[in-house]
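Visitor: To start, I am sharing the structure in question, which I have written as structure tokens.
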Amino acid sequence: MAGVVLLLADGVRTREHLNTILRVLVGLTAVMAFTGILQYFRIVDVTRYIRIPGLTANRDLFGAGVRGATDLTRVAGTANHYIEFGVVLAVVLPLALHFALFAPTGRKLIAWCQVGLIGAAIPMSISRSAILTTVVAIALLFMVWKWRLRYNAAVIGLVALTALHFLTRGLFGTIISLFRHADDDPSIQNRISDQAFVYEMWSQRPILGRGAGMILPDRYLLLDNQIFVTLIGGGILGVVALISLFIVPYMMARSVRLRAVTEEGRHLGQALAAALPAALMASFTFDALSFATFTGLVFVLVGVVGALWRLQGDRGERTLEWSPDDRCVAPPAFAPGHPRWSTRFLAKRSSPAS
């Protein structure tokens, strides 16, 4: 995975090359979402028919399951678990929105269809982790949007959720009950009861931990929390390193958002910045790095951030960039010439005393 990061960060030569990689990522995620939708409506389970020449299955396929009082179908698509399926879609959703907002005329329909597929499939995982990850990712993207785009997105989102509610009766009620009755949920209670075990194991080797990969579910227990797993295996230093894996690229992507010379570059920086804290939050809710799709996605995003930061030529030396002609991205709050400061404060200072 470190090799993947270095290959992307140093091997991508142009912005167009970088955009192509990300479009492929969004496209494949949309295919993954479509596979899950077909599973949810019990049309066909495409994963049963996937045969890759030269490879054999090393485990049983993770098919559709049920959850809730009404035994609603929950799906995993091509992922290894329902939670991973929902979280991966939620992390990629900001990038799908970016390419839909900035798609050329000939690609707009396809781009928005990809957004629709990804957004519609997230609740079909019936996972609290997926919903929380989506909320964090979209909230961080909303932070840089102009108010008109926020209003439009809110209205379109409500209409889409209403339509999805009528197509999947009972789905949203089941998801709401997952949060409303979280105190009685066995999975939540198990996570809480694990804290004593985690503290006992960590207290024996608090700095460096017991060694990465030591906490095996079949020998100890399934912690369902990547932070707990890393705390026991790598100690305090391991947790700091894990959090840095998400926070450092987030800060670099935010730097691109603040200093890129084009609106598309600024919005792409924020889309990537939104994905990484969302992925970090998800790591508190399941053993994230035990799942190959999620792990691969995170390291690809880290490498892409490095490539974007390099291609933008950003070293933190330029002033904050914005343009009054931007359609989507609001100007940074402390950018020179920000209309908020010029209209509210400079005008007051320049007006004659009464």
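By order of appearance in the structure tokens: chains A, B, ..., then residues from 1 within every chain, and ligands from 1 in the order shown.
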Enumerate the residues of region 10-258 of chain A with a DSSP assignment of helix (DSSP H, G or I), computed from the backbone, and present them as a count of residues only.

Guide: 174

Visitor: For region 179-288 of chain A versus region 21-37 of chain A, which residues have an atom no more than 12 Å away, and what is each residue's nearest atom pair and distance in Å rounded to one decimal, using only C-alpha atoms, chain-then-number order, as CSV?

Guide:
```
residue,atom,partner,partner_atom,distance
A:Leu268,CA,A:Leu22,CA,10.3
A:Ala271,CA,A:Leu22,CA,11.4
A:Leu272,CA,A:Leu22,CA,10.4
```

Visitor: May I have the selected residues written with N, CA, C and O atoms, as a PDB file, in the first residue's frame?

Guide:
```
ATOM      1  N   LEU A 268     -11.791  20.209  -6.110  1.00  0.00           N
ATOM      2  CA  LEU A 268     -11.234  18.858  -6.009  1.00  0.00           C
ATOM      3  C   LEU A 268     -10.447  18.704  -4.718  1.00  0.00           C
ATOM      4  O   LEU A 268     -10.515  17.662  -4.055  1.00  0.00           O
ATOM      5  N   ALA A 271     -12.975  18.162  -2.036  1.00  0.00           N
ATOM      6  CA  ALA A 271     -13.613  16.846  -2.151  1.00  0.00           C
ATOM      7  C   ALA A 271     -12.714  15.758  -1.560  1.00  0.00           C
ATOM      8  O   ALA A 271     -13.183  14.851  -0.858  1.00  0.00           O
ATOM      9  N   LEU A 272     -11.425  15.845  -1.855  1.00  0.00           N
ATOM     10  CA  LEU A 272     -10.484  14.888  -1.267  1.00  0.00           C
ATOM     11  C   LEU A 272     -10.341  15.108   0.233  1.00  0.00           C
ATOM     12  O   LEU A 272     -10.241  14.148   1.005  1.00  0.00           O
TER      13      LEU A 272
END
```

Visitor: CA of Ile192 (chain A) to CA of Phe294 (chain A): how many Å, to one decimal?

Guide: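 Between CA of Ile192 (chain A) and CA of Phe294 (chain A) the gap is 23.9 Å.
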
Visitor: Just to confirm, what's the straight-line distance from CA of Trp322 (chain A) to CA of Ala139 (chain A) in Å (one decimal)?

Guide: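 Result for CA of Trp322 (chain A) versus CA of Ala139 (chain A): 20.8 Å, one decimal.
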
Visitor: Give the answer as one residue: which of A:Pro94, A:Gly11, A:Pro104, A:Pro249 has the shortest atom-to-atom distance to Leu140 (chain A), using only C-alpha atoms?

Guide: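 Closest to Leu140 (chain A), using only C-alpha atoms: A:Pro94.
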
Visitor: Have a look at CA of Leu38 (chain A) and CA of Ile175 (chain A) and let me know their distance in Å, one decimal.

Guide: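 A separation of 19.7 Å between them.
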
Visitor: May I have the residues within 12 Å of Pro217 (chain A) as a PyMOL selection string, using only C-alpha atoms and disregarding those fewer than 6 positions away in the same chain?

Guide: chain A and resi 223-225+229+287+290
